[in-house]
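Q: Quick one: this structure, given as structure tokens, is what I'll be asking you about.
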Amino acid sequence: MSGEKGRTTYFMDYKKNLMNKGAKLTMVVLVISFCLLFVGYLQAADIDKLVQQLNDGDLIVRLHAIKALGDMKDASTVESLISNLKDDKCGCTAANALAEIGKPSVEPLITALRSESPIARKNAAIALGKINDASSVKSLIITLKDEDPLVRGSAATALGRINDTVAVDPLMIALKDENSVVRRDAAAALKEMGSSETLVADILHE
């Protein structure tokens with residue numbers, strides 16, 4: 001009887017220990033979950049604050065907010081950053097931030113290539129080149145015919161970065177652009193893509 005009682009006591013203690021461990025594990029999971037939720041809440045609050053600062057009258061504040069959002073790489077901020085592409089003082093920084101976010105920025109940037117603002121179009125082309133996504137090639141080729149030479153040049157540079165052979169012929173046509181900067185950008189893009197055309201070399205040494 002004493003042996004049976006001892007076994008019963010052992011199993012009861014063992015079961016109690018298991019329950020205690022289970023309770024501790026549950027508590028740890030709950031604490032971790034709460035911490036993650038709290039961190040997520042803080043990050044969301046930070047993002048909201050930074051998005052608000054994109055329209056601040058102080059250039060330094062805007063630049064800081066744009067860079068911080070790029071570092072966070074949160075896709076929900078893409079549209080807000082797109083609106084800053086037309087800012088002549090921090091549009092380039094916005095382009096860099098959108099490039100940091102990457103793929104989620106591509107479609108909004110392609111749309112921005114049709115913006116009324118030439119600054120926005122130029123910066124959109126720059127960002128697309130840095131993202132290096134082949135889905136933007138067709139739109140960038142169209143942009144080679146933009147009315148603004150800075151936009152055309154930026155599109156050429158972007159196409160050189162992406163290095164899709166579909167862009168070779170349009171870039172060859174751009175070598176005859178009326179603007180010398182566009183011609184050089186097109187030549188540099190073709191050289192980056194491996195072209196050894198004599199015309200490319202000549203233009204680069206104009």
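Identifiers in this document derive from the order of the structure tokens: chains are assigned A, B, ..., residues are numbered from 1 separately in each chain, and ligands are numbered from 1 in order of occurrence.
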Considering only C-alpha atoms, return as a list in words whatever protein or nucleic-acid residues lie within 7 Å of stretch 142-151 of chain A, sequence-local ones (same chain, fewer than 5 positions apart) excluded.

A: Pro118, Arg121, Lys122, Ala156, Asn179 and Val182 of chain A

Q: Quick one: everything within 8 Å of A:Ser154, counting only C-alpha atoms, minus sequence neighbours fewer than 4 positions away in the same chain. Send it as a list in words.

A: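 Listed by chain and then number, they are Lys122, Asn123, Ala125, Ile126, Leu150, Ala158 and Asp185 of chain A.
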
Q: What does the file look like for those residues with N, CA and C atoms, as a PDB file, in the first residue's frame?

A:
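Below is the file again_38.pdb, written as the result:
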```pdb
ATOM      1  N   LYS A 122      10.680  63.595 -62.840  1.00  0.00           N
ATOM      2  CA  LYS A 122      12.128  63.327 -62.797  1.00  0.00           C
ATOM      3  C   LYS A 122      12.478  62.433 -61.604  1.00  0.00           C
ATOM      4  N   ASN A 123      11.970  62.786 -60.429  1.00  0.00           N
ATOM      5  CA  ASN A 123      12.288  62.022 -59.225  1.00  0.00           C
ATOM      6  C   ASN A 123      11.685  60.624 -59.250  1.00  0.00           C
ATOM      7  N   ALA A 125      11.324  58.830 -61.966  1.00  0.00           N
ATOM      8  CA  ALA A 125      12.213  58.062 -62.847  1.00  0.00           C
ATOM      9  C   ALA A 125      13.479  57.640 -62.098  1.00  0.00           C
ATOM     10  N   ILE A 126      14.026  58.556 -61.310  1.00  0.00           N
ATOM     11  CA  ILE A 126      15.228  58.247 -60.523  1.00  0.00           C
ATOM     12  C   ILE A 126      14.957  57.086 -59.565  1.00  0.00           C
ATOM     13  N   LEU A 150      15.240  67.184 -68.413  1.00  0.00           N
ATOM     14  CA  LEU A 150      15.723  66.553 -67.188  1.00  0.00           C
ATOM     15  C   LEU A 150      14.984  65.251 -66.907  1.00  0.00           C
ATOM     16  N   ALA A 158      17.716  55.691 -65.671  1.00  0.00           N
ATOM     17  CA  ALA A 158      16.988  54.600 -65.016  1.00  0.00           C
ATOM     18  C   ALA A 158      16.998  53.335 -65.870  1.00  0.00           C
ATOM     19  N   ASP A 185      23.196  61.201 -71.263  1.00  0.00           N
ATOM     20  CA  ASP A 185      22.569  60.239 -70.342  1.00  0.00           C
ATOM     21  C   ASP A 185      22.201  58.952 -71.074  1.00  0.00           C
TER      22      ASP A 185
END
```

Q: Please extract the residues of stretch 116-198 of chain A with a backbone DSSP assignment of alpha helix (DSSP H) and present them as a PyMOL selection string.

A: chain A and resi 118-131+137-143+149-162+168-174+180-192+198

Q: Would you output that residue set with C-alpha atoms, as a PDB file, in the first residue's frame?

A:
```
ATOM      1  CA  PRO A 118       8.289  67.813 -64.070  1.00  0.00           C
ATOM      2  CA  ILE A 119      10.152  67.619 -60.752  1.00  0.00           C
ATOM      3  CA  ALA A 120       7.905  64.773 -59.642  1.00  0.00           C
ATOM      4  CA  ARG A 121       8.350  62.986 -62.977  1.00  0.00           C
ATOM      5  CA  LYS A 122      12.128  63.327 -62.797  1.00  0.00           C
ATOM      6  CA  ASN A 123      12.288  62.022 -59.225  1.00  0.00           C
ATOM      7  CA  ALA A 124       9.911  59.177 -60.024  1.00  0.00           C
ATOM      8  CA  ALA A 125      12.213  58.062 -62.847  1.00  0.00           C
ATOM      9  CA  ILE A 126      15.228  58.247 -60.523  1.00  0.00           C
ATOM     10  CA  ALA A 127      13.476  56.118 -57.911  1.00  0.00           C
ATOM     11  CA  LEU A 128      12.392  53.505 -60.458  1.00  0.00           C
ATOM     12  CA  GLY A 129      15.955  53.173 -61.679  1.00  0.00           C
ATOM     13  CA  LYS A 130      17.165  52.547 -58.132  1.00  0.00           C
ATOM     14  CA  ILE A 131      14.452  49.964 -57.475  1.00  0.00           C
ATOM     15  CA  VAL A 137      10.715  49.637 -68.345  1.00  0.00           C
ATOM     16  CA  LYS A 138       7.782  50.258 -70.693  1.00  0.00           C
ATOM     17  CA  SER A 139       6.734  53.416 -68.825  1.00  0.00           C
ATOM     18  CA  LEU A 140      10.312  54.685 -68.673  1.00  0.00           C
ATOM     19  CA  ILE A 141      10.693  54.190 -72.419  1.00  0.00           C
ATOM     20  CA  ILE A 142       7.612  56.349 -72.949  1.00  0.00           C
ATOM     21  CA  THR A 143       9.145  58.906 -70.597  1.00  0.00           C
ATOM     22  CA  PRO A 149      14.905  67.255 -70.845  1.00  0.00           C
ATOM     23  CA  LEU A 150      15.723  66.553 -67.188  1.00  0.00           C
ATOM     24  CA  VAL A 151      12.917  64.007 -67.081  1.00  0.00           C
ATOM     25  CA  ARG A 152      14.093  62.413 -70.339  1.00  0.00           C
ATOM     26  CA  GLY A 153      17.640  62.200 -69.034  1.00  0.00           C
ATOM     27  CA  SER A 154      16.520  60.655 -65.744  1.00  0.00           C
ATOM     28  CA  ALA A 155      14.463  58.083 -67.629  1.00  0.00           C
ATOM     29  CA  ALA A 156      17.497  57.175 -69.745  1.00  0.00           C
ATOM     30  CA  THR A 157      19.660  56.767 -66.647  1.00  0.00           C
ATOM     31  CA  ALA A 158      16.988  54.600 -65.016  1.00  0.00           C
ATOM     32  CA  LEU A 159      16.800  52.351 -68.071  1.00  0.00           C
ATOM     33  CA  GLY A 160      20.561  51.934 -67.974  1.00  0.00           C
ATOM     34  CA  ARG A 161      20.346  50.816 -64.346  1.00  0.00           C
ATOM     35  CA  ILE A 162      17.580  48.319 -65.042  1.00  0.00           C
ATOM     36  CA  VAL A 168      18.318  49.497 -76.312  1.00  0.00           C
ATOM     37  CA  ASP A 169      16.574  50.758 -79.455  1.00  0.00           C
ATOM     38  CA  PRO A 170      14.688  53.585 -77.668  1.00  0.00           C
ATOM     39  CA  LEU A 171      17.957  54.666 -76.051  1.00  0.00           C
ATOM     40  CA  MET A 172      19.678  54.627 -79.444  1.00  0.00           C
ATOM     41  CA  ILE A 173      16.972  57.010 -80.681  1.00  0.00           C
ATOM     42  CA  ALA A 174      17.572  59.164 -77.593  1.00  0.00           C
ATOM     43  CA  SER A 180      23.046  67.393 -75.130  1.00  0.00           C
ATOM     44  CA  VAL A 181      22.476  66.265 -71.524  1.00  0.00           C
ATOM     45  CA  VAL A 182      19.849  63.760 -72.632  1.00  0.00           C
ATOM     46  CA  ARG A 183      22.176  62.492 -75.348  1.00  0.00           C
ATOM     47  CA  ARG A 184      24.940  61.937 -72.792  1.00  0.00           C
ATOM     48  CA  ASP A 185      22.569  60.239 -70.342  1.00  0.00           C
ATOM     49  CA  ALA A 186      21.356  57.921 -73.091  1.00  0.00           C
ATOM     50  CA  ALA A 187      24.928  57.160 -74.146  1.00  0.00           C
ATOM     51  CA  ALA A 188      25.960  56.471 -70.535  1.00  0.00           C
ATOM     52  CA  ALA A 189      22.969  54.156 -70.149  1.00  0.00           C
ATOM     53  CA  LEU A 190      23.866  52.227 -73.282  1.00  0.00           C
ATOM     54  CA  LYS A 191      27.469  51.937 -72.156  1.00  0.00           C
ATOM     55  CA  GLU A 192      26.297  50.590 -68.798  1.00  0.00           C
ATOM     56  CA  THR A 198      31.170  54.267 -81.827  1.00  0.00           C
TER      57      THR A 198
END
```

Q: Can you measure atom CA of A:Ala134 to atom CA of A:Asp88 for me? One decimal in Å is fine.

A: 27.3 Å

Q: One decimal, Å: what's the distance from atom CA of A:Arg114 over to atom CA of A:Leu69, could you say?

A: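 Taking atom CA of A:Arg114 and atom CA of A:Leu69, their separation equals 24.0 Å.
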
Q: Report, in Å with one decimal, the straight-line distance from atom CA of A:Ala75 to atom CA of A:Arg62.

A: 18.5 Å

Q: A:Lys86, A:Ser115, A:Leu199, A:Val78: which is nearest A:Ala99, counting only C-alpha atoms?

A: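 Closest residue, counting only C-alpha atoms: A:Val78.
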
Q: Leaving out A:Thr77 and any residue of its chain fewer than 4 positions from it, which residues lie within 8 Å of it when counting only C-alpha atoms, given as a list in words?

A: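 Result of the neighbour search: Ile47, Val51, Leu69 and Leu81 of chain A.
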
Q: For each of A:Leu98, A:Leu204, A:Asp46, A:Ser195, take the minimum atom-to-atom distance to A:Lys67, counting only C-alpha atoms, then give the residue where this is smallest.

A: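 Among the listed residues, A:Leu98 lies closest to A:Lys67.
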